[in-house]
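What follows is a set of notes on a single structure, which appears directly below.
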There are 2 protein chains.
Amino acid sequence: MIPMQDAPLSITNVMRHAERYFGEQEIVSITPDNPRHRYTYRDAFKRVRKLANALERLGLQRGDVIGTLAWNDYRHFELYYAISCSGMVCHTINPRLFGEQIEFIINHAEDRWLFVDPDFIPLVEKLAPRLNHLKGVVVLCPEAAMPETTLSNVRCYEALLKAEMDEFSWPDLSETTPSALCYTSGTTGNPKGVLYTHRSTILQCYATTAPNAFGLSSKDVVLPIVPMFHANGWSLVYSCPMNGAKLVLAGNKAGDGAELTDLINVEGVTFTAGVPTVLSALLRHLREHNLTVPSLIRVGVGGAACPKSIYEEFETLHDVRVEQGWGMTELNPIATYNGVVKPALSHLDGSELTTKKLKQGPALFGVDIKIVDDHEREIPWDGKSSGAVKVRGPWVIHQYFRHEQPAVDNTGWFDTGDIGTIDHDGYLQITDRSKDVIKSGGEWISSIELENLAVSHPDVEEAAVIGLPHPKWTERPLLLLVVKDDSQLTPQTMLSWFEDKVAKWWVPSDCVIVDKLPHTATGKLSKKDLRDSFKDFQWRD
Amino acid sequence: MIPMQDAPLSITNVMRHAERYFGEQEIVSITPDNPRHRYTYRDAFKRVRKLANALERLGLQRGDVIGTLAWNDYRHFELYYAISCSGMVCHTINPRLFGEQIEFIINHAEDRWLFVDPDFIPLVEKLAPRLNHLKGVVVLCPEAAMPETTLSNVRCYEALLKAEMDEFSWPDLSETTPSALCYTSGTTGNPKGVLYTHRSTILQCYATTAPNAFGLSSKDVVLPIVPMFHANGWSLVYSCPMNGAKLVLAGNKAGDGAELTDLINVEGVTFTAGVPTVLSALLRHLREHNLTVPSLIRVGVGGAACPKSIYEEFETLHDVRVEQGWGMTELNPIATYNGVVKPALSHLDGSELTTKKLKQGPALFGVDIKIVDDHEREIPWDGKSSGAVKVRGPWVIHQYFRHEQPAVDNTGWFDTGDIGTIDHDGYLQITDRSKDVIKSGGEWISSIELENLAVSHPDVEEAAVIGLPHPKWTERPLLLLVVKDDSQLTPQTMLSWFEDKVAKWWVPSDCVIVDKLPHTATGKLSKKDLRDSFKDFQWRD
Ligand SMILES: Nc1ncnc2c1ncn2[C@@H]1O[C@H](COP(=O)(O)OP(=O)(O)OP(=O)(O)O)[C@@H](O)[C@H]1O
Ligand SMILES: Nc1ncnc2c1ncn2[C@@H]1O[C@H](COP(=O)(O)OP(=O)(O)OP(=O)(O)O)[C@@H](O)[C@H]1O
Ligand SMILES: [Mg+2]
Ligand SMILES: [Mg+2]
């Protein structure tokens, strides 16, 4: 006997729900052909049905993988739904990756068709001869804006849609049907594909909707600064329609402080989310032009640790609550969220509160988190002892796409590659990444902690700490600095500056001032490149 | 290949999550032996592990059904978790049912053991000889408070727990494992069992946690006035620990305005939820003693339509937001919630807003709702055309416990037995119940609408409208009234009062003033009893 209905969780339901209950809510986009495109969820899903018909007409079938190379806008939104709700896989490609990585990814995913913003046509032209499974390319623009191209099978998105009816009968899908595919950027190795399912997506959305997390409702106006090609834009592209929030999509202007400010103030944005780098750019613009963002209530920060300066500037100058999330592509992507401050912590203020809020926070309901030592023994939640962070739950990866072996250990836990502590309140703090960890004389040194300290020096623009082989200590930390324009800072002053701040053996063994530091496609420091560049570095005695 | 982890949704995770992240949050209870018992989630789940050991020691096994006859308090809370997380079924029995119904239910469910508040020992003594599957009874009290009883195998709850260790290894359960069993009260027939699963429960909790619904966070202090034996206390007993909200449980004082006021004000309750009757009692107490409830922000009303008077008194006198939910035992139990007012409706105020807020609201994300005519054709969402309300989704019943046939139609929809309209915004309004509907000359008359009109008359205390056979019109409405103490209202004045308010043929054909109206165990008007009592009523010509 089946007591309760065996009804699947599905992205199709998000679409239906938004159309029925929040049909009039808007999606506002910046696109290459329109600085402010504006329509409603009702309009959007009508076009999604046309697009689903167009996909069928292109000969695409259930299970096929379709690639997108696109910024955040309404056409990309339409692709998300038409592809996934047709039972196909929406493969969002990060256009900031190196050409060879993109080629590898498209071939590995076996993308049948690519849907591409006009900006990326030159890139696709270069790669096309080596894309083995590709049948054709659709350009995301109206007919008038179609670029000239050497590509062979090219279609215009708006022309495709115009030819179709706005009715479509969505297939019934089991909840474990794959919906989307994202590759890790490869900071820590070759890109690996993470295949999300309807179930993992909906559960991630339910969990992040909670007031302890994003707290999304139909009163919110949400600007996901995080790209839609980065772990499904932290699922906001699903959770906003699910809860009837208005969506604001910044196109290729997500790094542009002036455009972001304008969007926030004109559209009345209440919640935005992105990596620290873009939030810095926004803050810099506000600072330099003496602007405010009165509608903005909360900012979700993730993808990298939130610097204290971002936290403090938003909170004190703009009265915006800064909430940090931690996750990764493999976690669909959020696992912890430092949102609502529970009553037991309401006595915290000033620097104590800041310290707590700069941790990555407690787990979302639905995932299990633990920290373990080298022997897989659980480490106590004392806020001091650190270990490898492992995660388990329905929106955690089990197996990379087309990999033979599961990505989990034999008790089902996924090793995140992050190192952290968990305190008595269950707040995770990421102290390092296992690949960045420095082992000096058998003891760990946190490169992240040293970097954070370094950037808190007023003359330092950016800092990286890497571990390099050392004849005596196995490994020792080397500090690399970009200093501010008019700074006179010397390596020696910088190193002595650490002395009363960390244990003596944590002070980096040397410091080099450089012009700039290498970054990955997602804007993170590329430790791999740094270790390569400095592999012949000689320690002074 | 399994891309994302196949990790089950489970109530066990709620327990783990609350213990880890909100261990210090309190559960405050009124029990027969302690007017204010107070401990934390950490304490609670420690005792839950002892209880799980005790269940094993009683010889209980996975799949066994265990009955509870208990008010809302911490011991009942412990039973919820120990039983369900052990893979057994927690069968919460409504003690307000008639003795024969309780006997039927306990036998039908095959309850192995009963866990019973001392108040209910006399009831169990009376039924015991006919309870075929019962092995014994545990009394929910400390040893000193054990009542004398003629029952044979009787244990003391606190003595059982004292004997056990506070460690327990919870079994891994698939998410479709049954967790709890609730019988409908039988207003509309014999009691039928609805068997909830871990999955249906967790999904209901995720959906009701959203800001558009209860909006629960770790800052909330929640007083579920709704009994824990009524559809799992609208799942608040799960969703509060899931989100770290403090729980306040009123024991057998949930109908006592003075106790409720005291609990709200002393514990700082921010959210409460219950049926209109108890909320009336609370309001009356506040009014008569000139009291306020400043901590209270929102009230969830459900189980019956929320009268305008309750809505207005909370909103205007107490600045409390009144939010209506609609559901039923078969829906685990909530399907719509009239919470956050979306921007498109923010222009509403005054009576327009009240009218909108008194509807049952839009669907929670996760369930599908439709209204159909007698030929199963969908009825438009125009806010006027009414039809049978059908529901589909993962927390909707598929099959009653131990019934042969599914409870759904052959396209998988469950007919709720309610009649309603849905407007352009997707707001459901329950206008009637199919068993209460009056068909006069082939047209439907809404008994609920007539009842609402009747109680809006200043002299009317309570009103019921039933349909009785009529030689000419097949059926005609009869109005039954309880009038206020000093009222001079006559049936004739009352009927003429309707004349400019409804279509002529809707005006009840007669009116009878009675001393009181019969109610069911859940406090609803018992139409079945009324139809019985008035079956020989003679219409005047
Ligand atoms: N709030 C945060 N604080 C600190 N680190 C974070 C935070 N959020 C994410 N990270 C880091 O980012 C990683 C996830 O990156 P993501 O999977 O989104 O991109 P990626 O393309 O796989 O790049 P990477 O190689 O850095 O993992 C995490 O493993 C963690 O190291
Ligand atoms: N907000 C509401 N407005 C109007 N009616 C409601 C509301 N909530 C619940 N109801 C009514 O209560 C019914 C559900 O009752 P429930 O299942 O909780 O108790 P029951 O014991 O089965 O009693 P019943 O015989 O009344 O169904 C619904 O079918 C509906 O008629
Ligand atoms: Mg990664
Ligand atoms: Mg019912």
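How things are named: the first chain in the structure tokens is A, the next is B, and so on; residues count from 1 in each chain; ligands count from 1 in the order shown.
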Can you pull out every residue within 9 Å of region 370-380 of chain B, counting only C-alpha atoms, but drop anything in the same chain fewer than 3 positions away, and send it as a list in words?
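Once the adjacent positions are removed, what remains is Gly383, Lys384, Ser385, Ser386, Gly387, Ala388, Val389, Lys390, Val391, Arg392, Ile419, Gly420, Thr421, Ile422, Asp423 and His424 of chain B.
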Could those selected residues go to a file with C-alpha atoms, as an mmCIF file, in the first residue's frame?
data_model
loop_
_atom_site.group_PDB
_atom_site.id
_atom_site.type_symbol
_atom_site.label_atom_id
_atom_site.label_comp_id
_atom_site.auth_asym_id
_atom_site.auth_seq_id
_atom_site.Cartn_x
_atom_site.Cartn_y
_atom_site.Cartn_z
ATOM 1 C CA GLY B 383 -13.190 33.884 -8.330
ATOM 2 C CA LYS B 384 -16.844 33.175 -9.041
ATOM 3 C CA SER B 385 -17.349 29.712 -10.515
ATOM 4 C CA SER B 386 -17.155 27.057 -7.841
ATOM 5 C CA GLY B 387 -16.411 23.375 -8.015
ATOM 6 C CA ALA B 388 -15.015 20.377 -6.192
ATOM 7 C CA VAL B 389 -11.506 21.095 -4.901
ATOM 8 C CA LYS B 390 -8.991 18.432 -5.920
ATOM 9 C CA VAL B 391 -5.377 18.219 -4.780
ATOM 10 C CA ARG B 392 -2.283 16.345 -5.893
ATOM 11 C CA ILE B 419 -16.205 23.139 -2.716
ATOM 12 C CA GLY B 420 -14.507 26.359 -3.662
ATOM 13 C CA THR B 421 -13.651 29.089 -6.087
ATOM 14 C CA ILE B 422 -10.174 30.165 -7.195
ATOM 15 C CA ASP B 423 -9.599 33.755 -8.255
ATOM 16 C CA HIS B 424 -7.190 35.288 -10.778
#
Taking only region 369-463 of chain A into account, list the residues labelled alpha helix (DSSP H) by DSSP (computed from the backbone), as an NGL selection string.
:A and (447-455)
Go ahead and save the picked residues with all heavy atoms, as a short mmCIF file (atom, residue, chain, number, x, y, z; two decimals), in the first residue's frame.
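Writing done, so here's result-v2.cif:
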data_model
loop_
_atom_site.label_atom_id
_atom_site.label_comp_id
_atom_site.auth_asym_id
_atom_site.auth_seq_id
_atom_site.Cartn_x
_atom_site.Cartn_y
_atom_site.Cartn_z
N SER A 447 46.83 28.93 5.32
CA SER A 447 47.17 30.00 4.36
C SER A 447 46.08 31.06 4.35
O SER A 447 46.36 32.24 4.22
CB SER A 447 47.40 29.42 2.96
OG SER A 447 46.28 28.68 2.56
N ILE A 448 44.83 30.64 4.51
CA ILE A 448 43.72 31.61 4.49
C ILE A 448 43.84 32.60 5.64
O ILE A 448 43.67 33.80 5.47
CB ILE A 448 42.36 30.88 4.56
CG1 ILE A 448 42.12 30.14 3.24
CG2 ILE A 448 41.23 31.85 4.84
CD1 ILE A 448 40.75 29.50 3.13
N GLU A 449 44.17 32.09 6.81
CA GLU A 449 44.28 32.99 7.96
C GLU A 449 45.40 34.00 7.73
O GLU A 449 45.25 35.20 8.01
CB GLU A 449 44.51 32.19 9.24
CG GLU A 449 43.98 32.88 10.46
CD GLU A 449 43.80 31.90 11.62
OE1 GLU A 449 43.08 30.89 11.45
OE2 GLU A 449 44.41 32.13 12.68
N LEU A 450 46.52 33.55 7.19
CA LEU A 450 47.63 34.47 6.92
C LEU A 450 47.24 35.49 5.85
O LEU A 450 47.55 36.68 5.96
CB LEU A 450 48.88 33.68 6.48
CG LEU A 450 49.50 32.80 7.58
CD1 LEU A 450 50.65 31.95 7.00
CD2 LEU A 450 50.02 33.65 8.75
N GLU A 451 46.52 35.04 4.84
CA GLU A 451 46.05 35.97 3.79
C GLU A 451 45.11 37.02 4.37
O GLU A 451 45.22 38.20 4.07
CB GLU A 451 45.34 35.20 2.66
CG GLU A 451 46.30 34.43 1.77
CD GLU A 451 45.63 33.30 0.99
OE1 GLU A 451 44.38 33.20 0.99
OE2 GLU A 451 46.37 32.50 0.37
N ASN A 452 44.20 36.58 5.19
CA ASN A 452 43.25 37.52 5.80
C ASN A 452 43.99 38.56 6.63
O ASN A 452 43.67 39.74 6.60
CB ASN A 452 42.25 36.78 6.70
CG ASN A 452 41.21 36.05 5.86
OD1 ASN A 452 41.06 36.33 4.67
ND2 ASN A 452 40.53 35.10 6.47
N LEU A 453 44.98 38.09 7.40
CA LEU A 453 45.78 39.02 8.19
C LEU A 453 46.47 40.01 7.28
O LEU A 453 46.44 41.23 7.51
CB LEU A 453 46.82 38.25 9.00
CG LEU A 453 46.44 37.93 10.43
CD1 LEU A 453 47.54 37.11 11.08
CD2 LEU A 453 46.18 39.21 11.21
N ALA A 454 47.11 39.50 6.22
CA ALA A 454 47.88 40.36 5.33
C ALA A 454 46.99 41.45 4.72
O ALA A 454 47.36 42.63 4.72
CB ALA A 454 48.55 39.53 4.23
N VAL A 455 45.79 41.09 4.24
CA VAL A 455 44.95 42.12 3.61
C VAL A 455 44.37 43.10 4.62
O VAL A 455 43.87 44.15 4.24
CB VAL A 455 43.80 41.55 2.73
CG1 VAL A 455 44.36 40.83 1.52
CG2 VAL A 455 42.89 40.66 3.54
#
Which residues of chain A sit at most 12 Å from ligand 3, using only C-alpha atoms and all ligand atoms? Give each one's shortest atom pair and distance in Å (one decimal place), in chain and ascending residue order, as JSON lines.
{"residue": "A:Cys182", "atom": "CA", "partner": "ligand 3", "partner_atom_place_in_ligand_line": "1 (Mg)", "distance": 10.5}
{"residue": "A:Tyr183", "atom": "CA", "partner": "ligand 3", "partner_atom_place_in_ligand_line": "1 (Mg)", "distance": 8.7}
{"residue": "A:Thr184", "atom": "CA", "partner": "ligand 3", "partner_atom_place_in_ligand_line": "1 (Mg)", "distance": 5.2}
{"residue": "A:Ser185", "atom": "CA", "partner": "ligand 3", "partner_atom_place_in_ligand_line": "1 (Mg)", "distance": 6.8}
{"residue": "A:Gly186", "atom": "CA", "partner": "ligand 3", "partner_atom_place_in_ligand_line": "1 (Mg)", "distance": 7.1}
{"residue": "A:Thr187", "atom": "CA", "partner": "ligand 3", "partner_atom_place_in_ligand_line": "1 (Mg)", "distance": 7.3}
{"residue": "A:Thr188", "atom": "CA", "partner": "ligand 3", "partner_atom_place_in_ligand_line": "1 (Mg)", "distance": 7.1}
{"residue": "A:Gly189", "atom": "CA", "partner": "ligand 3", "partner_atom_place_in_ligand_line": "1 (Mg)", "distance": 9.2}
{"residue": "A:Asn190", "atom": "CA", "partner": "ligand 3", "partner_atom_place_in_ligand_line": "1 (Mg)", "distance": 10.5}
{"residue": "A:Pro191", "atom": "CA", "partner": "ligand 3", "partner_atom_place_in_ligand_line": "1 (Mg)", "distance": 8.9}
{"residue": "A:Lys192", "atom": "CA", "partner": "ligand 3", "partner_atom_place_in_ligand_line": "1 (Mg)", "distance": 8.8}
{"residue": "A:Gly193", "atom": "CA", "partner": "ligand 3", "partner_atom_place_in_ligand_line": "1 (Mg)", "distance": 10.4}
{"residue": "A:Val194", "atom": "CA", "partner": "ligand 3", "partner_atom_place_in_ligand_line": "1 (Mg)", "distance": 10.0}
{"residue": "A:His230", "atom": "CA", "partner": "ligand 3", "partner_atom_place_in_ligand_line": "1 (Mg)", "distance": 10.7}
{"residue": "A:Ala231", "atom": "CA", "partner": "ligand 3", "partner_atom_place_in_ligand_line": "1 (Mg)", "distance": 10.2}
{"residue": "A:Gly303", "atom": "CA", "partner": "ligand 3", "partner_atom_place_in_ligand_line": "1 (Mg)", "distance": 9.4}
{"residue": "A:Ala304", "atom": "CA", "partner": "ligand 3", "partner_atom_place_in_ligand_line": "1 (Mg)", "distance": 11.0}
{"residue": "A:Trp326", "atom": "CA", "partner": "ligand 3", "partner_atom_place_in_ligand_line": "1 (Mg)", "distance": 11.5}
{"residue": "A:Gly327", "atom": "CA", "partner": "ligand 3", "partner_atom_place_in_ligand_line": "1 (Mg)", "distance": 8.8}
{"residue": "A:Met328", "atom": "CA", "partner": "ligand 3", "partner_atom_place_in_ligand_line": "1 (Mg)", "distance": 5.5}
{"residue": "A:Thr329", "atom": "CA", "partner": "ligand 3", "partner_atom_place_in_ligand_line": "1 (Mg)", "distance": 5.8}
{"residue": "A:Glu330", "atom": "CA", "partner": "ligand 3", "partner_atom_place_in_ligand_line": "1 (Mg)", "distance": 6.8}
{"residue": "A:Leu331", "atom": "CA", "partner": "ligand 3", "partner_atom_place_in_ligand_line": "1 (Mg)", "distance": 9.3}
{"residue": "A:Asn332", "atom": "CA", "partner": "ligand 3", "partner_atom_place_in_ligand_line": "1 (Mg)", "distance": 11.1}
{"residue": "A:Pro333", "atom": "CA", "partner": "ligand 3", "partner_atom_place_in_ligand_line": "1 (Mg)", "distance": 9.9}
{"residue": "A:Ile397", "atom": "CA", "partner": "ligand 3", "partner_atom_place_in_ligand_line": "1 (Mg)", "distance": 11.5}
{"residue": "A:Tyr400", "atom": "CA", "partner": "ligand 3", "partner_atom_place_in_ligand_line": "1 (Mg)", "distance": 11.9}
{"residue": "A:Asp415", "atom": "CA", "partner": "ligand 3", "partner_atom_place_in_ligand_line": "1 (Mg)", "distance": 11.0}
{"residue": "A:Thr416", "atom": "CA", "partner": "ligand 3", "partner_atom_place_in_ligand_line": "1 (Mg)", "distance": 7.9}
{"residue": "A:Gly417", "atom": "CA", "partner": "ligand 3", "partner_atom_place_in_ligand_line": "1 (Mg)", "distance": 8.1}
{"residue": "A:Asp418", "atom": "CA", "partner": "ligand 3", "partner_atom_place_in_ligand_line": "1 (Mg)", "distance": 9.5}
{"residue": "A:Arg433", "atom": "CA", "partner": "ligand 3", "partner_atom_place_in_ligand_line": "1 (Mg)", "distance": 10.4}
{"residue": "A:Ser434", "atom": "CA", "partner": "ligand 3", "partner_atom_place_in_ligand_line": "1 (Mg)", "distance": 11.8}
{"residue": "A:Lys435", "atom": "CA", "partner": "ligand 3", "partner_atom_place_in_ligand_line": "1 (Mg)", "distance": 11.4}
{"residue": "A:Thr520", "atom": "CA", "partner": "ligand 3", "partner_atom_place_in_ligand_line": "1 (Mg)", "distance": 11.6}
{"residue": "A:Ala521", "atom": "CA", "partner": "ligand 3", "partner_atom_place_in_ligand_line": "1 (Mg)", "distance": 11.9}
{"residue": "A:Thr522", "atom": "CA", "partner": "ligand 3", "partner_atom_place_in_ligand_line": "1 (Mg)", "distance": 10.2}
{"residue": "A:Lys524", "atom": "CA", "partner": "ligand 3", "partner_atom_place_in_ligand_line": "1 (Mg)", "distance": 11.0}
Could you check how far CA of Ala18 (chain A) sits from CA of Thr209 (chain B), in Å to one decimal?
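Here the two named atoms are 18.1 Å from each other.
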Write down, as number ranges by chain, each residue of chain A that has any atom within 8 Å of an atom of chain B, counting only C-alpha atoms.
A: 1-9, 13-14, 17, 20-22, 24-25, 178, 194-197, 200, 206-207, 209-212, 215-219, 242-244, 340-344, 362, 365-366, 392-401, 425-426
8 Å contact set for Trp506 (chain A), only C-alpha atoms, chain neighbours under 4 positions out, as JSON, numbers by chain:
{"A": [445, 477, 502]}
B:Leu525, B:Leu134, B:Met165, B:Ala250 ranked by distance to Leu151 (chain B), top pick (using only C-alpha atoms)
B:Leu134
Residues within 6 Å of His198 (chain B), please, as a ChimeraX atom specification. Count only C-alpha atoms; anything in the same chain fewer than 5 positions from it doesn't count.
/B:10-11,175,179
Calculate how many Å separate CA of Val512 (chain A) from CA of Ile310 (chain A), rounding to one decimal.
26.0 Å
Name the residues of region 39-160 of chain A that come out as strand (DSSP E) in a backbone DSSP run; write them as a PyMOL selection string.
chain A and resi 39-40+65-69+89-92+113-116+136-139+154-156
